[in-house]
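Asker: Sharing a structure here in structure tokens format.
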Amino acid sequence: MTIEINNRPYDLPDDARISLLDFMRERLEFFGSKKGCNQGACGACTVLVDGERILSCLALAAQYDGRSVTTIEGVANGDELHPLQALFVEHEGMQCGYCTPGQIMSGIALKSELERGAPSNVSSDLTVAPRLSRDEIKERLSGNLCRCGAHNGIIDAVAAYVGGEEQ
Amino acid sequence: MSVHRATPHDAARLHVSGAARYTDDIPVPAGTLHLAFGLSTIAKGRMTDVDLNAVRAAPGVVAVLEADDLPHDNDVSPSAHDEPLLSAGEICYLGQPVFLVVATSHLAARKAARLGQITYAAETPLLTIDDALAADSRFEDGPRIYIKGDAEAAIAQATHTVTGQIEIGGQEHFYLEGQVALAVPQEGGDMVVHASSQHPTEIQHKVAEALGQPMNSVRVEVRRMGGGFGGKESQGNALCVACAVVAARLGRACKMRYDRDDDMIVTGKRHDFRIAYDVGFDGEGRIAGIIFEQFVRCGWAQDLSLPVADRAMLHADNAYHLQHARITSHRLKTNTQSNTAFRGFGGPQGMVGIERVVDHIAHHLGRDPLEVRRANFYAPADATSAASGDGHQPAQAPPAQDDLATRGAAPKGGGVSTVPATAQTTPYGMEVTDFILHDMVAALETSSDYRARRASVAAWNEANPVLKRGIALTPVKFGISFTLTHLNQAGALVHVYQDGSIHLNHGGTEMGQGLFTKVAQVAAAAFDVPLDHVKITATDTGKVPNTSATAASSGTDLNGMAVKIACDTIKDRIAACIAERYQAASDQVIFTDGHVEVGAERIAFKDAVQLAYMSRVSLSATGFYATPEVTWDRIKGQGRPFYYFAYGAAATEVVIDTLTGENRILRTDILHDCGKSLNPDLDIGQIEGGYVQGAGWLTMEELIWDDTGALKTHAPATYKIPCASDRPEIFNVSLWDGANAAETIYRSKAVGEPPLMLGISAFLALSDAVASCGTDYPNLQAPATAEQILSAVDRVRW
């Protein structure tokens, strides 16, 4: 039983009850994903599994045998920041920073969700691809809480990433 | 110069990489033990039998401690010594820590903590303001009262009067990083504590007390917090003390992190208030006399409730010149969480009171509330000297007494202030000389297109029976300084190394507000070197001692000044050395653009530093700053508690659904005063975030306790904070460009708390929307949840 995290394989824990978040933080010392509420309501622990975002606090590590997990530590290309990471710096999309890793992982995932036409709660039509809008972005980021209220910078950064700089 | 410029947060790159280290991310030593509290399940009574056998027998449990097992002081209060770490028998609220589990893992400790079998002799808890009033359960001997003039007589003679009352709910901090601590025992009984705390000195003090050791045996380090908002001023004491006591006892590192539900059940929140008012005014809405009665639900322990309640009284005027006022404050003791500091520290509640009154007056007279606000404003700064006085004479106060480093301390006296008899004064006798809201409000009125939008809101409401709009423009005047005068001090430690790099330390803590960046800008500006020459280091009680909490918006004002003083000391030494070498006077040596110039000579900063080192000149200095001019007697309610005021104004437009009570903020325009901003980007971030948090408090964040005293909203699933989709569609924020009249660091102004109160405009915009549904005053209560709005709509309609 192995799981790939940021392109490296790891043996899964013997105890099947360990959450993916605890496995990463406590066993592997990947501290980038944060434990905000540990009940799937704050988004600070968001990671990608084969490109799809999940809440790692609600997932058991054992569920992801053979799957590929990407965390905030795995999105940069060496010293070169991922474009969305750079946009978060540029747009001041943070204050205390605790929600930032989750926001960025959600931002990366929501771009691919939009690109493949997945609708959201605010999409006007479920049968056609949603129109790219700030409302779509805001809705798709609303599962990632930011108590500092840095939403303006967060939304601007993700909008620039999703729609290109001109958006 | 590196100040007055937008530079990103110092740790921005670390944050986006997930490499920024919080307390929970510090790799722990092998054998670290994990702690969890067993919590009471009743709100009031006594424990008659405590059976912890199942806890001790649970897998992974190493030890279980009760109150009797604590070696020294069983207290984690900031000052009143009324807050035991573990209950010794008496239960004061539901969720009170009663025993402490030590286990080999976090999960094992938490699981075992649920297994305690405790038998209680339960009593009827006092949960509400009414419960406490009926039982006369309060802190201090009675209510505090501030009096100016004769409010009763003024109201009796006034043309118009209204009376009313508003309930204002509390607020959970919901710092995204919960409370957490790590204690690592050292040789000789010393202790190092890694804390998520706004007040490392208080942690040091409480840990030393609990260990029965002097403060010099305890070192507390705080690199950053994942949000604080006041919730980490005193509420982290319990975790740090618990970890340190067990670490000392077992000789192993100990870590404790509250689970989110426990965090919300155990820790204090923003004080909920009831404010009753009785006001007399003329046909223009000018207030002749006003009586406020503030009822403050403090919870079970005193914590910081007295200065919180004081600050609510100190902001009962907000921006308005009250000639005759009486403000009474009841500090009520209840069997609920011990309410604590929260951004604004009582100021927001006091301000909601007076803004509600002005709104009520405007409704009574059928006037635009903005005009009533203007009619009551203090006179502008430039006209202050010519303003007609109110003849109010400040009282003489007894001398100050010694005190502790916490805002919870309650001195019996303060200094003496002298105010000219002709001055315009606050209800507490402070002269207002820097009032700039006339111009700011006029500018915002124009930039937000307030008049035209007010008309279009009215037209919309005429045409639409279901969706109703509302708009409000409200001002903020917030007093800056700790009201416990002696806390207005700060220290800094600056080293310049041989290679010209600078190491910076100060007493403030970083919780996301950008303090470290601003203070580094101050240091870089002092030497005029690039910002990347300055290394900002974790707050450490071993480097800068006796610090005040990073609170009261004071972080940059105090620590920035202390850092500048330290840098200036080193600069003077380097300048003297260079001057001697080039046979010039010290004051001819200039630090500019990464160089040091003297006459025609220009040498790199690094080379100047090396010359100084070779000349055996000390390149390390401390800096110390104490705010001048503040003096305050909190018992008499007289003096100058604040060095200056920070100002702001916000216009908010909302829409409500009168069938469901659902509501949205459509547009927000803010103009805020940061003096001469040290860092406009960071300041705008504070303003946006403060507004969002303030609007959240007054519109959607609702705390509910059941009849047993159990908090039912103890997780994000039941407690709603604003999220990305709640962001107003239009959100314009501008800085008021003007230097602080007071001599602050580079003439900037504090920005942490004042913007929170801009959120009051959202609450009053909702009230305005409800008012359009009928003729009665909406009497909206806070938070204005969908349920509140729906019932207010029903009230005004029927």
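In the structure tokens, chains take letters A, B, ... by order of appearance, with residues numbered from 1 within each chain and ligands from 1 in the order shown.
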Kindly assemble as CSV a list of the chain A residues that lie within 8 Å of chain B, each paired with its nearest atom pair and their distance in Å to one decimal, using only C-alpha atoms, sorted first by chain and then by ascending residue number.

Answerer:
```
residue,atom,partner,partner_atom,distance
A:Glu29,CA,B:Pro27,CA,7.6
A:Phe31,CA,B:Asp25,CA,5.6
A:Gly32,CA,B:Gly18,CA,4.0
A:Ser33,CA,B:Gly18,CA,7.1
A:Lys35,CA,B:Glu177,CA,7.5
A:Gly36,CA,B:Leu176,CA,5.4
A:Cys37,CA,B:Arg260,CA,5.2
A:Asn38,CA,B:Arg260,CA,7.4
A:Ala41,CA,B:Pro716,CA,6.0
A:Cys42,CA,B:Pro716,CA,7.1
A:Ile72,CA,B:Gly18,CA,5.8
A:Glu73,CA,B:Ser17,CA,6.0
A:Ala76,CA,B:Ser17,CA,7.6
A:Leu81,CA,B:Ser17,CA,7.9
A:Gln85,CA,B:Val16,CA,5.4
A:Ala86,CA,B:Val16,CA,7.9
A:Phe88,CA,B:Val16,CA,7.0
A:Val89,CA,B:Ala12,CA,5.8
A:Glu90,CA,B:Pro8,CA,7.7
A:Glu92,CA,B:Pro8,CA,6.7
A:Met94,CA,B:Ala12,CA,7.7
A:Gln95,CA,B:Gly512,CA,4.3
A:Cys96,CA,B:Gly512,CA,3.4
A:Gly97,CA,B:His15,CA,5.4
A:Tyr98,CA,B:Gly226,CA,5.1
A:Cys99,CA,B:Leu176,CA,7.1
A:Thr100,CA,B:Val16,CA,6.2
A:Pro101,CA,B:Gly18,CA,5.8
A:Ile104,CA,B:Val16,CA,7.5
A:Asp135,CA,B:Ser725,CA,7.3
A:Lys138,CA,B:Ser725,CA,4.7
A:Glu139,CA,B:Ser725,CA,5.2
A:Leu141,CA,B:Ala724,CA,6.0
A:Ser142,CA,B:Ala724,CA,4.9
A:Gly143,CA,B:Cys723,CA,7.7
A:Asn144,CA,B:Cys723,CA,7.5
A:Leu145,CA,B:Cys723,CA,5.7
A:Cys146,CA,B:Cys723,CA,6.8
A:Arg147,CA,B:Tyr175,CA,6.3
A:Cys148,CA,B:Gly689,CA,5.4
A:Gly149,CA,B:Gly689,CA,3.9
A:Ala150,CA,B:Gly689,CA,5.9
A:His151,CA,B:Ala724,CA,5.7
A:Asn152,CA,B:Arg727,CA,7.8
A:Ile155,CA,B:Ala724,CA,7.5
```

Asker: Residues within 7 Å of Phe23 (chain A), please, as a ChimeraX atom specification. Count only C-alpha atoms; anything in the same chain fewer than 5 positions from it doesn't count.

Answerer: /A:18,28,61

Asker: Which residues are near region 67-81 of chain B? Cut-off 7 Å, only C-alpha atoms, ignore same chain within fewer than 3 positions. Put them as a PyMOL selection string.

Answerer: chain B and resi 84-88+206+209-212+234+237-238+302-303+406+408-409

Asker: Atoms to include: all heavy atoms. Write the selected residues as a compact mmCIF listing (two decimals), in the first residue's frame.

Answerer:
```txt
# COMPACT_ATOMS: atom_id res chain seq x y z
N PRO B 84 -8.83 29.48 37.87
CA PRO B 84 -7.97 28.31 38.06
C PRO B 84 -7.72 27.58 36.73
O PRO B 84 -8.61 27.51 35.89
CB PRO B 84 -8.76 27.44 39.03
CG PRO B 84 -10.16 27.92 38.98
CD PRO B 84 -10.10 29.37 38.61
N LEU B 85 -6.51 27.05 36.59
CA LEU B 85 -6.22 26.21 35.41
C LEU B 85 -7.15 25.01 35.42
O LEU B 85 -7.73 24.66 34.39
CB LEU B 85 -4.75 25.75 35.46
CG LEU B 85 -4.35 24.71 34.42
CD1 LEU B 85 -4.36 25.33 33.03
CD2 LEU B 85 -2.96 24.15 34.74
N LEU B 86 -7.27 24.37 36.60
CA LEU B 86 -8.18 23.24 36.77
C LEU B 86 -9.09 23.53 37.96
O LEU B 86 -8.61 23.98 39.01
CB LEU B 86 -7.39 21.95 37.04
CG LEU B 86 -6.41 21.53 35.94
CD1 LEU B 86 -5.56 20.35 36.42
CD2 LEU B 86 -7.15 21.18 34.66
N SER B 87 -10.36 23.26 37.80
CA SER B 87 -11.29 23.52 38.90
C SER B 87 -10.91 22.71 40.13
O SER B 87 -10.61 21.52 40.04
CB SER B 87 -12.71 23.16 38.47
OG SER B 87 -13.54 23.12 39.62
N ALA B 88 -10.94 23.37 41.29
CA ALA B 88 -10.68 22.68 42.55
C ALA B 88 -11.98 22.15 43.17
O ALA B 88 -11.98 21.69 44.30
CB ALA B 88 -9.98 23.63 43.51
N LYS B 206 2.88 33.90 33.80
CA LYS B 206 1.98 32.88 34.33
C LYS B 206 2.69 31.52 34.45
O LYS B 206 2.45 30.76 35.39
CB LYS B 206 0.73 32.74 33.46
CG LYS B 206 -0.14 33.97 33.38
CD LYS B 206 -0.51 34.58 34.72
CE LYS B 206 -1.44 33.71 35.55
NZ LYS B 206 -1.92 34.46 36.75
N GLU B 209 4.96 31.65 37.47
CA GLU B 209 4.13 31.55 38.67
C GLU B 209 3.71 30.10 38.92
O GLU B 209 3.77 29.60 40.04
CB GLU B 209 2.87 32.40 38.44
CG GLU B 209 2.29 33.10 39.62
CD GLU B 209 1.17 34.04 39.17
OE1 GLU B 209 0.16 33.57 38.60
OE2 GLU B 209 1.32 35.25 39.37
N ALA B 210 3.31 29.43 37.84
CA ALA B 210 2.84 28.05 37.98
C ALA B 210 3.97 27.10 38.33
O ALA B 210 3.75 26.06 38.96
CB ALA B 210 2.15 27.60 36.69
N LEU B 211 5.19 27.44 37.90
CA LEU B 211 6.35 26.59 38.20
C LEU B 211 7.01 26.98 39.52
O LEU B 211 7.92 26.31 39.98
CB LEU B 211 7.39 26.68 37.08
CG LEU B 211 6.94 26.17 35.70
CD1 LEU B 211 8.07 26.35 34.68
CD2 LEU B 211 6.52 24.70 35.77
N GLY B 212 6.57 28.10 40.10
CA GLY B 212 7.19 28.58 41.33
C GLY B 212 8.61 29.03 41.11
O GLY B 212 9.49 28.87 41.97
N SER B 234 -5.10 36.66 26.31
CA SER B 234 -5.03 35.96 27.60
C SER B 234 -5.50 34.50 27.49
O SER B 234 -5.24 33.72 28.38
CB SER B 234 -5.91 36.68 28.64
OG SER B 234 -7.26 36.64 28.23
N ASN B 237 -3.13 31.35 27.93
CA ASN B 237 -2.41 31.10 29.19
C ASN B 237 -2.58 29.65 29.65
O ASN B 237 -1.62 29.01 30.09
CB ASN B 237 -2.93 32.02 30.30
CG ASN B 237 -2.61 33.49 30.05
OD1 ASN B 237 -2.00 33.83 29.04
ND2 ASN B 237 -3.02 34.35 30.96
N ALA B 238 -3.82 29.14 29.57
CA ALA B 238 -4.11 27.82 30.12
C ALA B 238 -3.26 26.74 29.43
O ALA B 238 -2.70 25.86 30.09
CB ALA B 238 -5.60 27.50 29.97
N GLN B 302 -12.99 37.52 35.65
CA GLN B 302 -12.86 38.93 35.30
C GLN B 302 -12.09 39.15 34.00
O GLN B 302 -12.45 40.00 33.19
CB GLN B 302 -12.18 39.67 36.45
CG GLN B 302 -12.15 41.17 36.25
CD GLN B 302 -11.64 41.88 37.50
OE1 GLN B 302 -12.30 41.87 38.55
NE2 GLN B 302 -10.47 42.46 37.40
N ASP B 303 -11.02 38.37 33.81
CA ASP B 303 -10.18 38.49 32.61
C ASP B 303 -9.96 39.98 32.32
O ASP B 303 -9.54 40.72 33.21
CB ASP B 303 -10.84 37.75 31.43
CG ASP B 303 -9.93 37.64 30.22
OD1 ASP B 303 -8.98 36.84 30.26
OD2 ASP B 303 -10.17 38.37 29.24
N THR B 406 -0.67 43.57 32.38
CA THR B 406 -1.88 43.12 31.72
C THR B 406 -2.93 44.21 31.73
O THR B 406 -3.00 45.01 32.65
CB THR B 406 -2.47 41.88 32.42
OG1 THR B 406 -3.82 41.73 31.98
CG2 THR B 406 -2.47 42.05 33.93
N GLY B 408 -5.85 43.58 32.25
CA GLY B 408 -6.85 43.19 33.23
C GLY B 408 -6.66 43.86 34.57
O GLY B 408 -7.54 43.85 35.42
N ALA B 409 -5.49 44.44 34.79
CA ALA B 409 -5.24 45.10 36.06
C ALA B 409 -6.13 46.33 36.18
O ALA B 409 -6.45 46.97 35.18
CB ALA B 409 -3.78 45.50 36.17
```

Asker: What's around region 650-656 of chain B at 6 Å? Count only C-alpha atoms, leave out sequence neighbours fewer than 6 positions away in its own chain, and write the answer as an MDAnalysis selection string.

Answerer: chainID B and resid 467:474 662:670 758 761:762

Asker: What would the file look like if the residues just selected were written as a short mmCIF file (atom, residue, chain, number, x, y, z; two decimals), in the first residue's frame with all heavy atoms?

Answerer:
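Output file selection03.cif follows:
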```
data_model
loop_
_atom_site.label_atom_id
_atom_site.label_comp_id
_atom_site.auth_asym_id
_atom_site.auth_seq_id
_atom_site.Cartn_x
_atom_site.Cartn_y
_atom_site.Cartn_z
N LEU B 467 -38.16 42.79 -2.50
CA LEU B 467 -36.77 43.12 -2.20
C LEU B 467 -36.68 44.60 -1.85
O LEU B 467 -37.14 45.45 -2.61
CB LEU B 467 -35.87 42.81 -3.40
CG LEU B 467 -35.81 41.34 -3.83
CD1 LEU B 467 -34.84 41.19 -5.00
CD2 LEU B 467 -35.39 40.44 -2.68
N LYS B 468 -36.09 44.88 -0.69
CA LYS B 468 -35.96 46.27 -0.25
C LYS B 468 -34.49 46.59 -0.06
O LYS B 468 -33.72 45.77 0.46
CB LYS B 468 -36.70 46.49 1.06
CG LYS B 468 -38.20 46.24 0.98
CD LYS B 468 -38.91 47.35 0.22
CE LYS B 468 -40.43 47.15 0.28
NZ LYS B 468 -41.13 48.18 -0.51
N ARG B 469 -34.12 47.79 -0.43
CA ARG B 469 -32.74 48.21 -0.27
C ARG B 469 -32.59 49.19 0.88
O ARG B 469 -33.55 49.83 1.30
CB ARG B 469 -32.24 48.85 -1.57
CG ARG B 469 -32.17 47.85 -2.71
CD ARG B 469 -31.43 48.40 -3.89
NE ARG B 469 -31.28 47.36 -4.91
CZ ARG B 469 -30.43 47.43 -5.92
NH1 ARG B 469 -29.64 48.48 -6.05
NH2 ARG B 469 -30.35 46.45 -6.79
N GLY B 470 -31.38 49.33 1.34
CA GLY B 470 -31.08 50.30 2.39
C GLY B 470 -29.66 50.78 2.24
O GLY B 470 -28.80 50.08 1.67
N ILE B 471 -29.38 51.98 2.75
CA ILE B 471 -28.03 52.53 2.66
C ILE B 471 -27.73 53.29 3.94
O ILE B 471 -28.64 53.88 4.54
CB ILE B 471 -27.88 53.44 1.40
CG1 ILE B 471 -26.43 53.86 1.20
CG2 ILE B 471 -28.81 54.64 1.48
CD1 ILE B 471 -26.17 54.50 -0.17
N ALA B 472 -26.49 53.23 4.37
CA ALA B 472 -26.08 54.00 5.55
C ALA B 472 -24.63 54.41 5.41
O ALA B 472 -23.81 53.65 4.89
CB ALA B 472 -26.26 53.16 6.82
N LEU B 473 -24.34 55.62 5.89
CA LEU B 473 -22.96 56.12 5.92
C LEU B 473 -22.64 56.46 7.37
O LEU B 473 -23.29 57.33 7.96
CB LEU B 473 -22.83 57.35 5.02
CG LEU B 473 -21.41 57.82 4.67
CD1 LEU B 473 -21.43 58.77 3.47
CD2 LEU B 473 -20.66 58.46 5.83
N THR B 474 -21.69 55.73 7.94
CA THR B 474 -21.39 55.94 9.36
C THR B 474 -19.91 56.26 9.56
O THR B 474 -19.05 55.75 8.84
CB THR B 474 -21.75 54.69 10.20
OG1 THR B 474 -20.97 53.57 9.75
CG2 THR B 474 -23.23 54.36 10.11
N GLU B 662 -33.43 37.07 4.19
CA GLU B 662 -32.09 36.96 3.60
C GLU B 662 -31.61 38.32 3.14
O GLU B 662 -32.42 39.18 2.76
CB GLU B 662 -32.13 36.00 2.40
CG GLU B 662 -32.19 34.54 2.79
CD GLU B 662 -32.30 33.66 1.56
OE1 GLU B 662 -33.42 33.55 1.04
OE2 GLU B 662 -31.28 33.13 1.15
N ASN B 663 -30.29 38.50 3.11
CA ASN B 663 -29.77 39.82 2.79
C ASN B 663 -28.38 39.73 2.18
O ASN B 663 -27.66 38.74 2.39
CB ASN B 663 -29.73 40.68 4.05
CG ASN B 663 -28.93 40.00 5.16
OD1 ASN B 663 -27.74 40.17 5.24
ND2 ASN B 663 -29.61 39.19 5.99
N ARG B 664 -28.01 40.75 1.44
CA ARG B 664 -26.69 40.83 0.84
C ARG B 664 -26.17 42.25 0.97
O ARG B 664 -26.94 43.21 0.92
CB ARG B 664 -26.74 40.52 -0.68
CG ARG B 664 -27.44 39.25 -1.06
CD ARG B 664 -26.68 38.03 -0.69
NE ARG B 664 -25.50 37.81 -1.52
CZ ARG B 664 -24.57 36.89 -1.23
NH1 ARG B 664 -24.68 36.16 -0.14
NH2 ARG B 664 -23.54 36.71 -2.01
N ILE B 665 -24.85 42.36 1.08
CA ILE B 665 -24.23 43.67 0.94
C ILE B 665 -23.93 43.86 -0.54
O ILE B 665 -23.27 43.02 -1.16
CB ILE B 665 -22.92 43.76 1.75
CG1 ILE B 665 -23.24 43.62 3.25
CG2 ILE B 665 -22.21 45.08 1.48
CD1 ILE B 665 -21.99 43.58 4.14
N LEU B 666 -24.45 44.94 -1.11
CA LEU B 666 -24.27 45.18 -2.54
C LEU B 666 -23.03 46.01 -2.83
O LEU B 666 -22.32 45.77 -3.80
CB LEU B 666 -25.50 45.91 -3.10
CG LEU B 666 -26.82 45.17 -2.96
CD1 LEU B 666 -27.97 46.06 -3.41
CD2 LEU B 666 -26.80 43.88 -3.78
N ARG B 667 -22.81 46.98 -1.99
CA ARG B 667 -21.69 47.88 -2.28
C ARG B 667 -21.18 48.50 -0.98
O ARG B 667 -21.97 48.87 -0.11
CB ARG B 667 -22.13 48.99 -3.24
CG ARG B 667 -21.06 50.04 -3.48
CD ARG B 667 -21.42 51.01 -4.59
NE ARG B 667 -20.48 52.13 -4.59
CZ ARG B 667 -20.51 53.14 -5.44
NH1 ARG B 667 -21.45 53.19 -6.37
NH2 ARG B 667 -19.62 54.11 -5.38
N THR B 668 -19.87 48.60 -0.89
CA THR B 668 -19.24 49.24 0.26
C THR B 668 -18.20 50.23 -0.24
O THR B 668 -17.38 49.89 -1.11
CB THR B 668 -18.55 48.18 1.15
OG1 THR B 668 -19.55 47.26 1.62
CG2 THR B 668 -17.85 48.82 2.32
N ASP B 669 -18.24 51.43 0.31
CA ASP B 669 -17.22 52.44 0.02
C ASP B 669 -16.63 52.89 1.36
O ASP B 669 -17.38 53.24 2.27
CB ASP B 669 -17.81 53.66 -0.69
CG ASP B 669 -18.34 53.29 -2.08
OD1 ASP B 669 -19.46 52.76 -2.16
OD2 ASP B 669 -17.62 53.56 -3.05
N ILE B 670 -15.32 52.88 1.44
CA ILE B 670 -14.65 53.22 2.69
C ILE B 670 -13.58 54.27 2.44
O ILE B 670 -12.83 54.20 1.46
CB ILE B 670 -13.99 51.96 3.32
CG1 ILE B 670 -15.07 50.98 3.79
CG2 ILE B 670 -13.07 52.34 4.48
CD1 ILE B 670 -14.53 49.63 4.22
N LEU B 758 -16.23 50.18 11.00
CA LEU B 758 -16.84 50.58 9.72
C LEU B 758 -18.00 49.64 9.38
O LEU B 758 -18.92 50.00 8.64
CB LEU B 758 -15.79 50.56 8.60
CG LEU B 758 -14.60 51.51 8.79
CD1 LEU B 758 -13.50 51.18 7.79
CD2 LEU B 758 -15.03 52.96 8.66
N SER B 761 -21.90 50.35 9.48
CA SER B 761 -22.69 50.87 8.36
C SER B 761 -23.52 49.76 7.72
O SER B 761 -24.63 50.02 7.22
CB SER B 761 -21.78 51.53 7.32
OG SER B 761 -20.87 50.59 6.78
N ALA B 762 -23.03 48.53 7.73
CA ALA B 762 -23.80 47.42 7.16
C ALA B 762 -25.05 47.15 8.00
O ALA B 762 -26.15 46.95 7.48
CB ALA B 762 -22.94 46.15 7.08
#
```

Asker: Do you know which residues are at most 8 Å from region 113-119 of chain A counting only C-alpha atoms, after dropping those on the same chain fewer than 3 positions away, and could you put them as a list in words?

Answerer: Ala109, Leu110, Val122, Ser123, Asp125, Leu126, Val128, Ala129, Pro130 and Leu132 of chain A
